[in-house]
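Trainee: The following file, my_file06.cif, comprises mmCIF, C-alpha atoms; chains and numbers go by the auth columns:
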data_structure
#
loop_
_atom_site.group_PDB
_atom_site.id
_atom_site.type_symbol
_atom_site.label_atom_id
_atom_site.label_comp_id
_atom_site.label_asym_id
_atom_site.label_seq_id
_atom_site.Cartn_x
_atom_site.Cartn_y
_atom_site.Cartn_z
_atom_site.B_iso_or_equiv
_atom_site.auth_seq_id
_atom_site.auth_asym_id
ATOM 1 C CA PHE A 1 -19.415 1.991 64.361 0.00 1 A
ATOM 2 C CA PRO A 2 -16.930 0.166 62.150 0.00 2 A
ATOM 3 C CA ASN A 3 -17.676 -3.507 61.385 0.00 3 A
ATOM 4 C CA VAL A 4 -21.423 -3.382 62.002 0.00 4 A
ATOM 5 C CA GLY A 5 -22.259 -4.518 58.457 0.00 5 A
ATOM 6 C CA LYS A 6 -22.935 -1.231 56.655 0.00 6 A
ATOM 7 C CA SER A 7 -21.206 -2.249 53.420 0.00 7 A
ATOM 8 C CA THR A 8 -22.781 -5.706 53.471 0.00 8 A
ATOM 9 C CA LEU A 9 -26.192 -4.119 53.900 0.00 9 A
ATOM 10 C CA ILE A 10 -25.805 -1.613 51.060 0.00 10 A
ATOM 11 C CA SER A 11 -24.440 -4.309 48.750 0.00 11 A
ATOM 12 C CA ASN A 12 -27.479 -6.521 49.437 0.00 12 A
ATOM 13 C CA ILE A 13 -30.194 -3.876 49.090 0.00 13 A
ATOM 14 C CA SER A 14 -28.844 -1.667 46.306 0.00 14 A
ATOM 15 C CA ASN A 15 -26.811 -1.634 43.126 0.00 15 A
ATOM 16 C CA ALA A 16 -23.661 -0.591 45.044 0.00 16 A
ATOM 17 C CA HIS A 17 -20.570 -2.794 45.189 0.00 17 A
ATOM 18 C CA PRO A 18 -18.460 -1.545 48.098 0.00 18 A
ATOM 19 C CA LYS A 19 -15.325 -3.263 49.321 0.00 19 A
ATOM 20 C CA ILE A 20 -16.267 -5.644 52.148 0.00 20 A
ATOM 21 C CA ALA A 21 -13.729 -7.029 54.603 0.00 21 A
ATOM 22 C CA ALA A 22 -13.593 -8.101 58.250 0.00 22 A
ATOM 23 C CA TYR A 23 -11.456 -5.224 59.488 0.00 23 A
ATOM 24 C CA PRO A 24 -12.322 -1.700 60.664 0.00 24 A
ATOM 25 C CA PHE A 25 -12.448 1.208 58.212 0.00 25 A
ATOM 26 C CA THR A 26 -12.620 -0.886 55.046 0.00 26 A
ATOM 27 C CA THR A 27 -14.897 1.878 53.744 0.00 27 A
ATOM 28 C CA LYS A 28 -12.751 4.993 53.428 0.00 28 A
ATOM 29 C CA SER A 29 -15.207 7.232 51.561 0.00 29 A
ATOM 30 C CA PRO A 30 -18.987 7.267 51.150 0.00 30 A
ATOM 31 C CA VAL A 31 -20.518 4.750 48.753 0.00 31 A
ATOM 32 C CA LEU A 32 -23.856 5.511 47.096 0.00 32 A
ATOM 33 C CA GLY A 33 -26.374 2.952 45.887 0.00 33 A
ATOM 34 C CA VAL A 34 -29.881 2.990 44.459 0.00 34 A
ATOM 35 C CA VAL A 35 -32.504 0.882 46.230 0.00 35 A
ATOM 36 C CA THR A 36 -35.558 -0.086 44.204 0.00 36 A
ATOM 37 C CA GLY A 37 -38.757 -1.236 45.802 0.00 37 A
ATOM 38 C CA GLU A 38 -42.474 -1.489 45.084 0.00 38 A
ATOM 39 C CA GLY A 39 -43.058 2.206 45.765 0.00 39 A
ATOM 40 C CA GLY A 40 -40.165 3.551 43.703 0.00 40 A
ATOM 41 C CA PHE A 41 -36.513 4.079 44.507 0.00 41 A
ATOM 42 C CA PHE A 42 -34.204 5.983 46.811 0.00 42 A
ATOM 43 C CA VAL A 43 -30.490 6.612 47.116 0.00 43 A
ATOM 44 C CA ILE A 44 -28.668 5.205 50.122 0.00 44 A
ATOM 45 C CA ALA A 45 -25.207 6.200 51.338 0.00 45 A
ATOM 46 C CA ASP A 46 -22.781 3.959 53.188 0.00 46 A
ATOM 47 C CA ILE A 47 -20.485 6.216 55.159 0.00 47 A
ATOM 48 C CA PRO A 48 -17.341 5.035 56.940 0.00 48 A
ATOM 49 C CA GLY A 49 -17.825 3.984 60.540 0.00 49 A
ATOM 50 C CA LEU A 50 -17.884 6.598 63.253 0.00 50 A
ATOM 51 C CA ILE A 51 -16.143 6.274 66.580 0.00 51 A
ATOM 52 C CA GLU A 52 -16.248 8.162 69.846 0.00 52 A
ATOM 53 C CA GLY A 53 -14.745 11.587 69.185 0.00 53 A
ATOM 54 C CA SER A 54 -15.834 11.674 65.526 0.00 54 A
ATOM 55 C CA SER A 55 -17.601 15.004 66.016 0.00 55 A
ATOM 56 C CA GLN A 56 -14.236 16.516 67.007 0.00 56 A
ATOM 57 C CA GLY A 57 -12.446 15.007 64.003 0.00 57 A
ATOM 58 C CA LYS A 58 -11.154 11.786 65.545 0.00 58 A
ATOM 59 C CA GLY A 59 -10.747 9.135 62.852 0.00 59 A
ATOM 60 C CA LEU A 60 -11.721 11.649 60.133 0.00 60 A
ATOM 61 C CA GLY A 61 -15.220 11.501 61.590 0.00 61 A
ATOM 62 C CA ASP A 62 -16.070 15.157 60.987 0.00 62 A
ATOM 63 C CA LYS A 63 -15.388 14.677 57.267 0.00 63 A
ATOM 64 C CA PHE A 64 -17.721 11.653 57.226 0.00 64 A
ATOM 65 C CA LEU A 65 -20.379 13.445 59.236 0.00 65 A
ATOM 66 C CA ARG A 66 -20.542 16.238 56.643 0.00 66 A
ATOM 67 C CA HIS A 67 -21.967 13.726 54.173 0.00 67 A
ATOM 68 C CA ILE A 68 -25.015 13.030 56.311 0.00 68 A
ATOM 69 C CA GLU A 69 -26.019 16.686 56.483 0.00 69 A
ATOM 70 C CA ARG A 70 -27.657 16.226 53.064 0.00 70 A
ATOM 71 C CA THR A 71 -29.595 13.080 53.942 0.00 71 A
ATOM 72 C CA LYS A 72 -33.297 13.090 54.688 0.00 72 A
ATOM 73 C CA ILE A 73 -33.157 10.320 57.278 0.00 73 A
ATOM 74 C CA LEU A 74 -30.535 8.252 59.063 0.00 74 A
ATOM 75 C CA LEU A 75 -30.486 4.476 58.980 0.00 75 A
ATOM 76 C CA HIS A 76 -28.649 3.587 62.159 0.00 76 A
ATOM 77 C CA LEU A 77 -27.131 0.103 61.903 0.00 77 A
ATOM 78 C CA VAL A 78 -26.276 -1.460 65.264 0.00 78 A
ATOM 79 C CA ASP A 79 -24.358 -4.726 65.757 0.00 79 A
ATOM 80 C CA MET A 80 -26.570 -6.760 68.110 0.00 80 A
ATOM 81 C CA SER A 81 -24.117 -9.631 68.480 0.00 81 A
ATOM 82 C CA GLY A 82 -21.648 -7.833 70.726 0.00 82 A
ATOM 83 C CA PHE A 83 -19.100 -9.888 68.777 0.00 83 A
ATOM 84 C CA GLU A 84 -16.251 -7.423 69.300 0.00 84 A
ATOM 85 C CA GLY A 85 -16.965 -6.994 73.011 0.00 85 A
ATOM 86 C CA ARG A 86 -19.057 -3.870 72.478 0.00 86 A
ATOM 87 C CA ASP A 87 -22.476 -3.251 73.982 0.00 87 A
ATOM 88 C CA PRO A 88 -25.165 -2.374 71.383 0.00 88 A
ATOM 89 C CA ILE A 89 -26.880 0.030 73.797 0.00 89 A
ATOM 90 C CA GLU A 90 -23.657 1.917 74.492 0.00 90 A
ATOM 91 C CA ASP A 91 -22.811 1.959 70.763 0.00 91 A
ATOM 92 C CA TYR A 92 -26.210 3.487 69.994 0.00 92 A
ATOM 93 C CA LYS A 93 -25.840 6.116 72.722 0.00 93 A
ATOM 94 C CA THR A 94 -22.276 6.960 71.668 0.00 94 A
ATOM 95 C CA ILE A 95 -23.165 7.508 68.013 0.00 95 A
ATOM 96 C CA ASN A 96 -26.168 9.639 68.934 0.00 96 A
ATOM 97 C CA GLU A 97 -23.996 11.714 71.243 0.00 97 A
ATOM 98 C CA GLU A 98 -21.548 12.232 68.367 0.00 98 A
ATOM 99 C CA LEU A 99 -24.427 13.305 66.111 0.00 99 A
ATOM 100 C CA LYS A 100 -25.645 15.759 68.759 0.00 100 A
ATOM 101 C CA ASN A 101 -22.146 17.163 69.299 0.00 101 A
ATOM 102 C CA TYR A 102 -21.640 17.568 65.571 0.00 102 A
ATOM 103 C CA SER A 103 -24.938 19.256 64.684 0.00 103 A
ATOM 104 C CA LYS A 104 -28.315 19.619 66.385 0.00 104 A
ATOM 105 C CA GLU A 105 -29.967 19.498 62.921 0.00 105 A
ATOM 106 C CA VAL A 106 -28.307 16.174 62.082 0.00 106 A
ATOM 107 C CA TYR A 107 -29.164 14.804 65.523 0.00 107 A
ATOM 108 C CA LYS A 108 -32.863 15.710 65.045 0.00 108 A
ATOM 109 C CA LYS A 109 -33.170 13.802 61.750 0.00 109 A
ATOM 110 C CA THR A 110 -35.486 10.816 61.756 0.00 110 A
ATOM 111 C CA GLN A 111 -33.604 7.621 62.537 0.00 111 A
ATOM 112 C CA ILE A 112 -34.586 4.149 61.500 0.00 112 A
ATOM 113 C CA ILE A 113 -32.815 1.607 63.680 0.00 113 A
ATOM 114 C CA ALA A 114 -31.675 -1.695 62.197 0.00 114 A
ATOM 115 C CA ALA A 115 -30.419 -4.365 64.604 0.00 115 A
ATOM 116 C CA ASN A 116 -27.891 -6.253 62.491 0.00 116 A
ATOM 117 C CA LYS A 117 -26.128 -9.606 62.886 0.00 117 A
ATOM 118 C CA MET A 118 -29.232 -11.259 64.316 0.00 118 A
ATOM 119 C CA ASP A 119 -27.916 -14.562 62.951 0.00 119 A
ATOM 120 C CA LEU A 120 -25.105 -14.598 65.538 0.00 120 A
ATOM 121 C CA GLU A 121 -25.131 -16.020 69.045 0.00 121 A
ATOM 122 C CA GLY A 122 -26.184 -13.583 71.745 0.00 122 A
ATOM 123 C CA ALA A 123 -27.955 -11.227 69.357 0.00 123 A
ATOM 124 C CA SER A 124 -31.481 -12.166 70.505 0.00 124 A
ATOM 125 C CA ASN A 125 -30.680 -11.463 74.151 0.00 125 A
ATOM 126 C CA ASN A 126 -29.051 -8.160 73.232 0.00 126 A
ATOM 127 C CA LEU A 127 -32.034 -7.215 71.064 0.00 127 A
ATOM 128 C CA GLY A 128 -34.405 -7.609 74.012 0.00 128 A
ATOM 129 C CA ARG A 129 -32.208 -5.421 76.217 0.00 129 A
ATOM 130 C CA PHE A 130 -31.766 -2.903 73.392 0.00 130 A
ATOM 131 C CA LYS A 131 -35.506 -2.513 72.723 0.00 131 A
ATOM 132 C CA LYS A 132 -36.179 -1.912 76.418 0.00 132 A
ATOM 133 C CA ALA A 133 -33.419 0.699 76.586 0.00 133 A
ATOM 134 C CA VAL A 134 -34.170 2.716 73.437 0.00 134 A
ATOM 135 C CA LYS A 135 -37.989 2.366 73.423 0.00 135 A
ATOM 136 C CA LYS A 136 -38.154 2.860 69.643 0.00 136 A
ATOM 137 C CA LYS A 137 -39.102 0.669 66.701 0.00 137 A
ATOM 138 C CA VAL A 138 -36.180 -1.605 65.826 0.00 138 A
ATOM 139 C CA TYR A 139 -35.862 -3.687 62.665 0.00 139 A
ATOM 140 C CA PRO A 140 -33.985 -6.944 63.350 0.00 140 A
ATOM 141 C CA ILE A 141 -31.957 -8.000 60.307 0.00 141 A
ATOM 142 C CA SER A 142 -29.060 -10.070 59.123 0.00 142 A
ATOM 143 C CA ALA A 143 -27.474 -8.163 56.243 0.00 143 A
ATOM 144 C CA LEU A 144 -25.253 -11.167 55.534 0.00 144 A
ATOM 145 C CA LYS A 145 -28.104 -13.711 55.399 0.00 145 A
ATOM 146 C CA LYS A 146 -30.482 -11.141 53.836 0.00 146 A
ATOM 147 C CA ASP A 147 -33.061 -11.647 56.612 0.00 147 A
ATOM 148 C CA GLY A 148 -35.482 -8.809 57.402 0.00 148 A
ATOM 149 C CA LEU A 149 -34.252 -6.587 54.581 0.00 149 A
ATOM 150 C CA GLU A 150 -37.596 -6.235 52.800 0.00 150 A
ATOM 151 C CA GLU A 151 -39.315 -4.855 55.902 0.00 151 A
ATOM 152 C CA LEU A 152 -36.400 -2.472 56.480 0.00 152 A
ATOM 153 C CA ILE A 153 -36.512 -1.197 52.881 0.00 153 A
ATOM 154 C CA GLU A 154 -40.284 -0.699 53.180 0.00 154 A
ATOM 155 C CA ALA A 155 -39.839 1.295 56.391 0.00 155 A
ATOM 156 C CA VAL A 156 -37.222 3.549 54.794 0.00 156 A
ATOM 157 C CA GLY A 157 -39.385 4.023 51.694 0.00 157 A
ATOM 158 C CA GLU A 158 -42.437 4.899 53.771 0.00 158 A
ATOM 159 C CA GLU A 159 -40.485 7.394 55.863 0.00 159 A
ATOM 160 C CA LEU A 160 -39.118 9.087 52.749 0.00 160 A
#
Would you encode the structure as structure tokens?

Mentor:
Amino acid sequence: FPNVGKSTLISNISNAHPKIAAYPFTTKSPVLGVVTGEGGFFVIADIPGLIEGSSQGKGLGDKFLRHIERTKILLHLVDMSGFEGRDPIEDYKTINEELKNYSKEVYKKTQIIAANKMDLEGASNNLGRFKKAVKKKVYPISALKKDGLEELIEAVGEEL
């Protein structure tokens, strides 16, 4: 979704310098960055936020989704704070439904889930609910405060 911290994350883990602002759709085209770690390096792409209906072209979503066809894995960043009145569980389900509607191959790609904005009030409670609902490994992070990023980078590197 827009405003979950994708550009902040890529700017703090790679050599990319995307525009970062507190309004939706600041990122208008994909931004690539190189992440270097102990085991080597990988390229990460920050794509503009998806919304419900993206798979049918709403919000230019189908153009953004085309970019992820070439990726090996998906790093799904979810805003745990619920700051904008959204529910992290519903956000996760909505994006996965959009992936499935767009392409079964894209939907089947390995996903690493990062629970962002853990530094904000309410995030811990939402994280507990989220983990119970999705029953998958979740990496709690704060892209802004740079908390949990090393473990997330390691997980991505290992998966690749």

Trainee: Run through the PyMOL selection byres ((chain A and resi 147) around 12) on the given coordinates and return the selected residues as a ChimeraX atom specification.

Mentor: /A:9,12-13,114-119,139-146,148-153

Trainee: Check what the PyMOL selection byres ((chain A and resi 77) around 8) selects in the file above and give those residues as a PyMOL selection string.

Mentor: chain A and resi 4-6+75-76+78-79+113-116

Trainee: Could you list the residues chosen by the PyMOL selection byres ((chain A and resi 68) around 10) in this structure as a list of chain:residue names?

Mentor: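 Selected by the PyMOL selection byres ((chain A and resi 68) around 10) here: A:Pro30, A:Ala45, A:Asp46, A:Ile47, A:Lys63, A:Phe64, A:Leu65, A:Arg66, A:His67, A:Glu69, A:Arg70, A:Thr71, A:Lys72, A:Ile73, A:Leu74, A:Leu99, A:Val106, A:Lys109.
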
Trainee: Rounded to one decimal, what separation in Å do you get between atom CA of A:Lys108 and atom CA of A:Asn96?

Mentor: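 Going from atom CA of A:Lys108 over to atom CA of A:Asn96, I get 9.8 Å.
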
Trainee: Would you please work out which residue, of A:Ile44, A:Leu127, A:Ile10, A:Ala16, is nearest to A:Gly157 when using all atoms listed in the file?

Mentor: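 Looking at the shortest contact to A:Gly157, the residue is A:Ile44.
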
Trainee: Taking all atoms listed in the file into account, name the residue in A:Glu158, A:Val31, A:Ile89, A:Thr36 that is nearest to A:Lys132.

Mentor: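 Looking only at the distances to A:Lys132, the closest residue turns out to be A:Ile89.
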
Trainee: Figure out the distance between atom CA of A:Glu84 and atom CA of A:His17, please, to one decimal in Å.

Mentor: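 Result for atom CA of A:His17 versus atom CA of A:Glu84: 24.9 Å, one decimal.
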
Trainee: Quick one, how far is atom CA of A:Arg129 from atom CA of A:Asn3?

Mentor: 20.9 Å

Trainee: Around stretch 139-142 of chain A, with edges along x, y and z and 8 Å added on all six sides, what centre and edge lengths do you get, in Å to one decimal, as AutoDock Vina command-line options?

Mentor:
--center_x -32.5 --center_y -6.9 --center_z 61.2 --size_x 22.8 --size_y 22.4 --size_z 20.2

Trainee: Closest to A:Gly82 among A:Gly40, A:Lys137, A:Phe130, A:Tyr107, using all atoms listed in the file?

Mentor: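 Closest to A:Gly82, using all atoms listed in the file: A:Phe130.
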
Trainee: For A:Phe1, which of A:Tyr102, A:Phe83, A:Tyr92, A:Phe42 is the closest residue, counting all atoms listed in the file?

Mentor: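 Among the listed residues, A:Tyr92 lies closest to A:Phe1.
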
Trainee: Starting from the incomplete input, reconstruct all heavy atoms of stretch 3-14 of chain A and write that as a JSON list (two decimals), in the frame of the given file.

Mentor:
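To be explicit, this is the file written out as out.json:
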[["chain", "number", "residue", "atom", "x", "y", "z"],
["A", 3, "ASN", "N", -17.40, -2.06, 61.33],
["A", 3, "ASN", "CA", -17.68, -3.51, 61.38],
["A", 3, "ASN", "C", -19.08, -3.88, 61.85],
["A", 3, "ASN", "O", -19.27, -4.95, 62.41],
["A", 3, "ASN", "CB", -16.66, -4.23, 62.27],
["A", 3, "ASN", "CG", -15.31, -4.34, 61.62],
["A", 3, "ASN", "OD1", -15.12, -3.94, 60.47],
["A", 3, "ASN", "ND2", -14.35, -4.87, 62.34],
["A", 4, "VAL", "N", -20.06, -3.02, 61.63],
["A", 4, "VAL", "CA", -21.42, -3.38, 62.00],
["A", 4, "VAL", "C", -22.19, -3.97, 60.82],
["A", 4, "VAL", "O", -23.32, -4.44, 61.00],
["A", 4, "VAL", "CB", -22.22, -2.20, 62.62],
["A", 4, "VAL", "CG1", -21.58, -1.72, 63.91],
["A", 4, "VAL", "CG2", -22.41, -1.08, 61.63],
["A", 5, "GLY", "N", -21.62, -3.92, 59.62],
["A", 5, "GLY", "CA", -22.26, -4.52, 58.46],
["A", 5, "GLY", "C", -22.84, -3.51, 57.47],
["A", 5, "GLY", "O", -23.69, -3.87, 56.65],
["A", 6, "LYS", "N", -22.39, -2.27, 57.54],
["A", 6, "LYS", "CA", -22.94, -1.23, 56.66],
["A", 6, "LYS", "C", -22.72, -1.56, 55.18],
["A", 6, "LYS", "O", -23.64, -1.47, 54.37],
["A", 6, "LYS", "CB", -22.30, 0.13, 56.98],
["A", 6, "LYS", "CG", -22.60, 0.64, 58.38],
["A", 6, "LYS", "CD", -21.90, 1.93, 58.70],
["A", 6, "LYS", "CE", -20.40, 1.89, 58.63],
["A", 6, "LYS", "NZ", -19.75, 0.99, 59.59],
["A", 7, "SER", "N", -21.51, -1.95, 54.83],
["A", 7, "SER", "CA", -21.21, -2.25, 53.42],
["A", 7, "SER", "C", -21.92, -3.51, 52.95],
["A", 7, "SER", "O", -22.39, -3.58, 51.80],
["A", 7, "SER", "CB", -19.70, -2.39, 53.22],
["A", 7, "SER", "OG", -19.06, -1.15, 53.49],
["A", 8, "THR", "N", -22.04, -4.50, 53.82],
["A", 8, "THR", "CA", -22.78, -5.71, 53.47],
["A", 8, "THR", "C", -24.24, -5.36, 53.22],
["A", 8, "THR", "O", -24.84, -5.83, 52.25],
["A", 8, "THR", "CB", -22.66, -6.76, 54.59],
["A", 8, "THR", "OG1", -21.28, -7.09, 54.76],
["A", 8, "THR", "CG2", -23.45, -8.02, 54.25],
["A", 9, "LEU", "N", -24.80, -4.52, 54.08],
["A", 9, "LEU", "CA", -26.19, -4.12, 53.90],
["A", 9, "LEU", "C", -26.39, -3.41, 52.57],
["A", 9, "LEU", "O", -27.27, -3.79, 51.78],
["A", 9, "LEU", "CB", -26.65, -3.22, 55.05],
["A", 9, "LEU", "CG", -28.08, -2.67, 54.90],
["A", 9, "LEU", "CD1", -29.10, -3.79, 54.92],
["A", 9, "LEU", "CD2", -28.36, -1.65, 55.99],
["A", 10, "ILE", "N", -25.60, -2.38, 52.29],
["A", 10, "ILE", "CA", -25.80, -1.61, 51.06],
["A", 10, "ILE", "C", -25.58, -2.48, 49.82],
["A", 10, "ILE", "O", -26.27, -2.32, 48.82],
["A", 10, "ILE", "CB", -24.95, -0.32, 51.03],
["A", 10, "ILE", "CG1", -25.48, 0.64, 49.95],
["A", 10, "ILE", "CG2", -23.50, -0.62, 50.83],
["A", 10, "ILE", "CD1", -24.84, 2.01, 49.97],
["A", 11, "SER", "N", -24.67, -3.43, 49.90],
["A", 11, "SER", "CA", -24.44, -4.31, 48.75],
["A", 11, "SER", "C", -25.61, -5.26, 48.51],
["A", 11, "SER", "O", -25.85, -5.67, 47.39],
["A", 11, "SER", "CB", -23.14, -5.10, 48.91],
["A", 11, "SER", "OG", -23.28, -6.10, 49.89],
["A", 12, "ASN", "N", -26.36, -5.58, 49.57],
["A", 12, "ASN", "CA", -27.48, -6.52, 49.44],
["A", 12, "ASN", "C", -28.83, -5.86, 49.18],
["A", 12, "ASN", "O", -29.80, -6.55, 48.86],
["A", 12, "ASN", "CB", -27.57, -7.42, 50.67],
["A", 12, "ASN", "CG", -26.50, -8.49, 50.65],
["A", 12, "ASN", "OD1", -26.07, -8.93, 49.59],
["A", 12, "ASN", "ND2", -26.06, -8.90, 51.82],
["A", 13, "ILE", "N", -28.91, -4.54, 49.34],
["A", 13, "ILE", "CA", -30.19, -3.88, 49.09],
["A", 13, "ILE", "C", -30.15, -2.90, 47.92],
["A", 13, "ILE", "O", -31.18, -2.36, 47.54],
["A", 13, "ILE", "CB", -30.74, -3.16, 50.35],
["A", 13, "ILE", "CG1", -29.85, -2.00, 50.78],
["A", 13, "ILE", "CG2", -30.96, -4.15, 51.48],
["A", 13, "ILE", "CD1", -30.45, -1.12, 51.87],
["A", 14, "SER", "N", -28.96, -2.66, 47.37],
["A", 14, "SER", "CA", -28.84, -1.67, 46.31],
["A", 14, "SER", "C", -27.95, -2.19, 45.18],
["A", 14, "SER", "O", -27.47, -3.31, 45.22],
["A", 14, "SER", "CB", -28.27, -0.37, 46.87],
["A", 14, "SER", "OG", -26.88, -0.47, 47.07]]
